[in-house]
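Taking it in order: structure first as structure tokens, then the write-up.
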Amino acid sequence: MGITNFSLLLQSLKTDKIIPFDSILIDAQSLLYGAIDGTWKESEHDIMLDMCYKVEIDIGNILNTLFKSNLFENELHVVISFDGEGVPMKWPIQQKRRDKPAEGRNLYKIVLFGNNIISQKVYRHLRESLTNFDQFNKRYLQRYIPQTIKFILSGSNMEGEGEHKLFHIARKYSLKKPIIVSEDNDVFILAYKQFKTFESVQIRKKQNVIYNLRELMYDSKILVNASLLFGNDFIPSVVTITVNNFNTIHDALYHFSIEHQNDDLPELFCFVLKHLCDKSKIRYKKVPFVDYELILEFWKTCLWVLDYYTSPNFPQKFILNGLYDAFDRNSIVTALLDVEYSKCIYYEARTKYSSLESHPIENSSIPVMQLDQVKRFLITACDNQKGDIIEIKKST
């Protein structure tokens, strides 16, 4: 999911031209949801099989479209990643998304969380198809393919969300010019958080829309930090990005970069909110009393999310999401507009956050996962827990 309408802030980066690339990073999770929506099969066996073929076809078409550009390097990495074990911070929104009757297609969407039978069936099907590359090539690809293709598959048995694993793998293999294929807007933040480690980054969306990432009018770090205001899977939006305010947001971030020499979060948030208020681009009701614990939880969550975008380790610091259900936008905006009050709580939150530990999750099942019709799809072990690497060399 990620940040709603975040691509509005990046309209100037949209292009119809691909530049040279050394890797294709595919977030396969969105393909699974699309396969469920697109199947008309009735039996569980037929639905599973149909999903396998639909995801294979989608990946074949993605590769064919990008290969036709003939802008790939002789040795190309293709990384395909599925969501694995999640983090407790995401349970509230996972529960909300899955708060539907566990029947029909909803059942198959509900179970796509952590290690599950559906993801593993699709994973194994792809592994078999790519291993038999000559047949895959004849079915989907045309004249142009790289001299060497190295496929790296990361299944649901590997911890972490799919889009995060893509970046960890890119770092491990020193990939410098990736094209990222994902419908999740988190990839924009993930890419900008690690922007200086790449020579170029392209993000491909539906209908072959390409974003060629580059620095904006201000340092991308300011955009990444400000994104915490725009809502994500862990913090509801303080500021909703719309067609009416995205230029005003850009203007606020640009002026902040000129007037401030640091990236202090309380100062940034206060500056952006005041700018939007002055331009009548945000509405809120000032409250007479602010819950100190709510603001403390807000800042702790912000610190965790910034770590979540970049930490190569899993799990991240262990913290339950106490903000999502208790969120009170009017109280938070009131507090953030008082920069000294906000700073005071922020520094306390930073101290408390630094003392948190990271440890494995012993029970990651959100409540809906306890339903019998859901539990049968969950698995705790499977083959090849470290993923697959399939290397194909084109004969000359």
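Residue names in the structure tokens use chain letters A, B, ... in the order shown, residue numbers from 1 in each chain, and ligand numbers from 1 in the order shown.
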
Any chance you could list, as a ChimeraX atom specification, the residues in range 57-234 of chain A that come up strand (DSSP E or B) when DSSP is run on the backbone? /A:72-81,116,148-154,178-181,201-204,210-213

Using only N, CA and C atoms, please write the residues we just selected to a file, as an mmCIF file, in the first residue's frame.
data_model
loop_
_atom_site.group_PDB
_atom_site.id
_atom_site.type_symbol
_atom_site.label_atom_id
_atom_site.label_comp_id
_atom_site.auth_asym_id
_atom_site.auth_seq_id
_atom_site.Cartn_x
_atom_site.Cartn_y
_atom_site.Cartn_z
ATOM 1 N N PHE A 72 19.687 -3.158 -21.518
ATOM 2 C CA PHE A 72 20.208 -3.931 -20.395
ATOM 3 C C PHE A 72 21.706 -4.178 -20.567
ATOM 4 N N GLU A 73 22.369 -4.501 -19.457
ATOM 5 C CA GLU A 73 23.780 -4.858 -19.512
ATOM 6 C C GLU A 73 23.911 -6.345 -19.842
ATOM 7 N N ASN A 74 25.101 -6.761 -20.238
ATOM 8 C CA ASN A 74 25.304 -8.152 -20.665
ATOM 9 C C ASN A 74 24.987 -9.146 -19.554
ATOM 10 N N GLU A 75 25.301 -8.771 -18.312
ATOM 11 C CA GLU A 75 24.933 -9.613 -17.172
ATOM 12 C C GLU A 75 23.840 -8.896 -16.397
ATOM 13 N N LEU A 76 22.677 -9.500 -16.343
ATOM 14 C CA LEU A 76 21.508 -8.862 -15.736
ATOM 15 C C LEU A 76 21.017 -9.685 -14.553
ATOM 16 N N HIS A 77 20.685 -9.016 -13.458
ATOM 17 C CA HIS A 77 20.052 -9.671 -12.310
ATOM 18 C C HIS A 77 18.550 -9.389 -12.337
ATOM 19 N N VAL A 78 17.765 -10.442 -12.141
ATOM 20 C CA VAL A 78 16.312 -10.301 -11.986
ATOM 21 C C VAL A 78 15.953 -10.832 -10.601
ATOM 22 N N VAL A 79 15.465 -9.956 -9.739
ATOM 23 C CA VAL A 79 15.119 -10.333 -8.369
ATOM 24 C C VAL A 79 13.593 -10.355 -8.257
ATOM 25 N N ILE A 80 13.050 -11.467 -7.778
ATOM 26 C CA ILE A 80 11.601 -11.628 -7.612
ATOM 27 C C ILE A 80 11.339 -11.931 -6.143
ATOM 28 N N SER A 81 10.545 -11.093 -5.489
ATOM 29 C CA SER A 81 10.404 -11.202 -4.037
ATOM 30 C C SER A 81 8.940 -11.200 -3.613
ATOM 31 N N ASN A 116 2.944 -18.644 3.751
ATOM 32 C CA ASN A 116 1.652 -19.264 3.466
ATOM 33 C C ASN A 116 1.741 -20.159 2.237
ATOM 34 N N THR A 148 23.806 -13.048 -20.024
ATOM 35 C CA THR A 148 23.660 -13.829 -18.800
ATOM 36 C C THR A 148 22.553 -13.224 -17.957
ATOM 37 N N ILE A 149 21.640 -14.070 -17.486
ATOM 38 C CA ILE A 149 20.588 -13.618 -16.565
ATOM 39 C C ILE A 149 20.718 -14.415 -15.276
ATOM 40 N N LYS A 150 20.770 -13.716 -14.168
ATOM 41 C CA LYS A 150 20.786 -14.381 -12.870
ATOM 42 C C LYS A 150 19.474 -14.048 -12.163
ATOM 43 N N PHE A 151 18.634 -15.058 -11.987
ATOM 44 C CA PHE A 151 17.369 -14.887 -11.265
ATOM 45 C C PHE A 151 17.598 -15.152 -9.777
ATOM 46 N N ILE A 152 17.107 -14.273 -8.949
ATOM 47 C CA ILE A 152 17.193 -14.440 -7.494
ATOM 48 C C ILE A 152 15.769 -14.398 -6.953
ATOM 49 N N LEU A 153 15.332 -15.492 -6.357
ATOM 50 C CA LEU A 153 13.963 -15.597 -5.847
ATOM 51 C C LEU A 153 13.963 -15.580 -4.328
ATOM 52 N N SER A 154 13.107 -14.763 -3.755
ATOM 53 C CA SER A 154 12.957 -14.692 -2.306
ATOM 54 C C SER A 154 11.498 -14.959 -1.970
ATOM 55 N N PRO A 178 19.093 -0.243 -10.971
ATOM 56 C CA PRO A 178 17.903 -1.097 -11.015
ATOM 57 C C PRO A 178 16.680 -0.430 -11.634
ATOM 58 N N ILE A 179 15.830 -1.257 -12.216
ATOM 59 C CA ILE A 179 14.435 -0.885 -12.508
ATOM 60 C C ILE A 179 13.591 -1.642 -11.490
ATOM 61 N N ILE A 180 12.799 -0.933 -10.722
ATOM 62 C CA ILE A 180 11.975 -1.542 -9.675
ATOM 63 C C ILE A 180 10.537 -1.607 -10.173
ATOM 64 N N VAL A 181 9.967 -2.797 -10.138
ATOM 65 C CA VAL A 181 8.596 -3.004 -10.603
ATOM 66 C C VAL A 181 7.727 -3.275 -9.386
ATOM 67 N N VAL A 201 18.068 5.039 -10.576
ATOM 68 C CA VAL A 201 16.950 4.222 -10.106
ATOM 69 C C VAL A 201 15.731 4.566 -10.962
ATOM 70 N N GLN A 202 15.116 3.518 -11.529
ATOM 71 C CA GLN A 202 13.861 3.691 -12.260
ATOM 72 C C GLN A 202 12.787 2.861 -11.581
ATOM 73 N N ILE A 203 11.576 3.404 -11.519
ATOM 74 C CA ILE A 203 10.447 2.679 -10.920
ATOM 75 C C ILE A 203 9.360 2.563 -11.973
ATOM 76 N N ARG A 204 8.949 1.323 -12.219
ATOM 77 C CA ARG A 204 7.920 1.060 -13.231
ATOM 78 C C ARG A 204 6.601 0.749 -12.562
ATOM 79 N N ILE A 210 6.999 5.040 -16.179
ATOM 80 C CA ILE A 210 8.345 4.978 -15.612
ATOM 81 C C ILE A 210 8.646 6.277 -14.866
ATOM 82 N N TYR A 211 9.209 6.153 -13.662
ATOM 83 C CA TYR A 211 9.721 7.297 -12.912
ATOM 84 C C TYR A 211 11.241 7.167 -12.855
ATOM 85 N N ASN A 212 11.937 8.156 -13.384
ATOM 86 C CA ASN A 212 13.394 8.177 -13.337
ATOM 87 C C ASN A 212 13.804 9.065 -12.169
ATOM 88 N N LEU A 213 14.166 8.436 -11.053
ATOM 89 C CA LEU A 213 14.398 9.202 -9.821
ATOM 90 C C LEU A 213 15.670 10.044 -9.911
#

Please provide as a PyMOL selection string all residues within 10 Å of Lys54 in chain A, with the sequence filter that same-chain residues fewer than 5 positions apart are discarded (counting only C-alpha atoms). chain A and resi 31-32+34-36+38-39+48-49+59-60+122

Which residue is closest to Gln316 in chain A? Choose from A:Val87, A:Ile241, A:Asn247, A:Leu303 and count only C-alpha atoms. A:Val87

Figure out the distance between CA of Ser129 in chain A and CA of Glu56 in chain A, please, to one decimal in Å.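 CA of Ser129 in chain A lies 8.0 Å from CA of Glu56 in chain A.
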
Quick one: everything within 8 Å of Ala191 in chain A, counting only C-alpha atoms, minus sequence neighbours fewer than 3 positions away in the same chain. Send it as a ChimeraX atom specification. /A:167,187-188,194-195,201

What's the 12 Å shell around Phe133 in chain A, counting only C-alpha atoms, without same-chain residues fewer than 4 positions away, as a list in words? Gly60, Leu126, Arg127, Glu128, Ser129, Asn137, Lys138, Arg139, Tyr140, Leu141, Ile145, Thr148, Ile149, Lys150, Phe151, Ile390, Glu391, Ile392, Lys393 and Lys394 of chain A

Contact residues around Ile295 in chain A with only C-alpha atoms at 12 Å, ignoring same-chain residues under 5 positions, as a PyMOL selection string: chain A and resi 266+289-290+300-302+322-323+326-336+338+341-349

Please run DSSP on the backbone and report, as a list in words, all residues within range 169-200 of chain A that come out as alpha helix (DSSP H). Ile169, Ala170, Arg171, Lys172, Asp186, Val187, Phe188, Ile189, Leu190, Ala191, Tyr192 and Lys193 of chain A

Contacts of Thr242 in chain A at 12 Å (only C-alpha atoms; same-chain gap of 6+ positions) as a ChimeraX atom specification: /A:3-9,230,248-249,281-282

Residues just named, written with N, CA, C and O atoms as a short mmCIF file (atom, residue, chain, number, x, y, z; two decimals), in the first residue's frame:
data_model
loop_
_atom_site.label_atom_id
_atom_site.label_comp_id
_atom_site.auth_asym_id
_atom_site.auth_seq_id
_atom_site.Cartn_x
_atom_site.Cartn_y
_atom_site.Cartn_z
N ILE A 3 2.21 5.07 0.80
CA ILE A 3 1.67 6.42 0.97
C ILE A 3 0.71 6.74 -0.16
O ILE A 3 1.09 6.75 -1.34
N THR A 4 -0.53 7.04 0.18
CA THR A 4 -1.55 7.35 -0.82
C THR A 4 -1.17 8.61 -1.59
O THR A 4 -0.82 9.64 -1.00
N ASN A 5 -1.24 8.52 -2.93
CA ASN A 5 -1.01 9.66 -3.83
C ASN A 5 0.42 10.21 -3.77
O ASN A 5 0.66 11.33 -4.24
N PHE A 6 1.36 9.44 -3.25
CA PHE A 6 2.72 9.97 -3.15
C PHE A 6 3.29 10.30 -4.52
O PHE A 6 4.10 11.23 -4.66
N SER A 7 2.87 9.57 -5.55
CA SER A 7 3.41 9.81 -6.89
C SER A 7 3.05 11.20 -7.40
O SER A 7 3.71 11.71 -8.33
N LEU A 8 2.03 11.85 -6.81
CA LEU A 8 1.71 13.23 -7.21
C LEU A 8 2.90 14.17 -6.95
O LEU A 8 3.11 15.13 -7.70
N LEU A 9 3.67 13.89 -5.91
CA LEU A 9 4.83 14.72 -5.60
C LEU A 9 5.98 14.49 -6.57
O LEU A 9 6.95 15.25 -6.57
N PHE A 230 2.48 12.05 5.68
CA PHE A 230 1.52 11.79 4.61
C PHE A 230 0.77 10.46 4.75
O PHE A 230 -0.01 10.10 3.88
N THR A 248 1.92 22.98 -3.09
CA THR A 248 2.16 23.71 -1.85
C THR A 248 3.10 22.94 -0.94
O THR A 248 3.95 23.51 -0.26
N ILE A 249 2.97 21.61 -0.93
CA ILE A 249 3.89 20.77 -0.14
C ILE A 249 5.31 20.91 -0.68
O ILE A 249 6.27 21.10 0.08
N LYS A 281 -4.41 25.17 2.94
CA LYS A 281 -4.38 23.85 2.32
C LYS A 281 -4.52 22.72 3.33
O LYS A 281 -4.35 21.55 2.99
N ILE A 282 -4.81 23.06 4.56
CA ILE A 282 -5.03 22.04 5.58
C ILE A 282 -6.06 22.56 6.57
O ILE A 282 -6.10 23.76 6.87
#

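The residue that comes closest to Tyr144 in chain A, out of A:Val209, A:Ile235, A:Val287, A:Leu71 and on the basis of only C-alpha atoms, is A:Leu71.
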
Between CA of Asp22 in chain A and CA of Ser182 in chain A, what is the distance in Å, rounded to a tenth?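 CA of Ser182 in chain A lies 17.1 Å from CA of Asp22 in chain A.
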
Identify which of the residues A:Phe67, A:Tyr218, A:Phe21, A:Phe113 lies closest to Tyr33 in chain A, counting only C-alpha atoms when measuring atom-to-atom distances. A:Phe113

Please measure the separation of CA of Val55 in chain A and CA of Thr310 in chain A, giving the value in Å to one decimal. 28.0 Å

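Proximity of A:Cys52, A:Leu190, A:Ile319, A:Val243 to Lys165 in chain A, computed with only C-alpha atoms, is greatest for A:Leu190.
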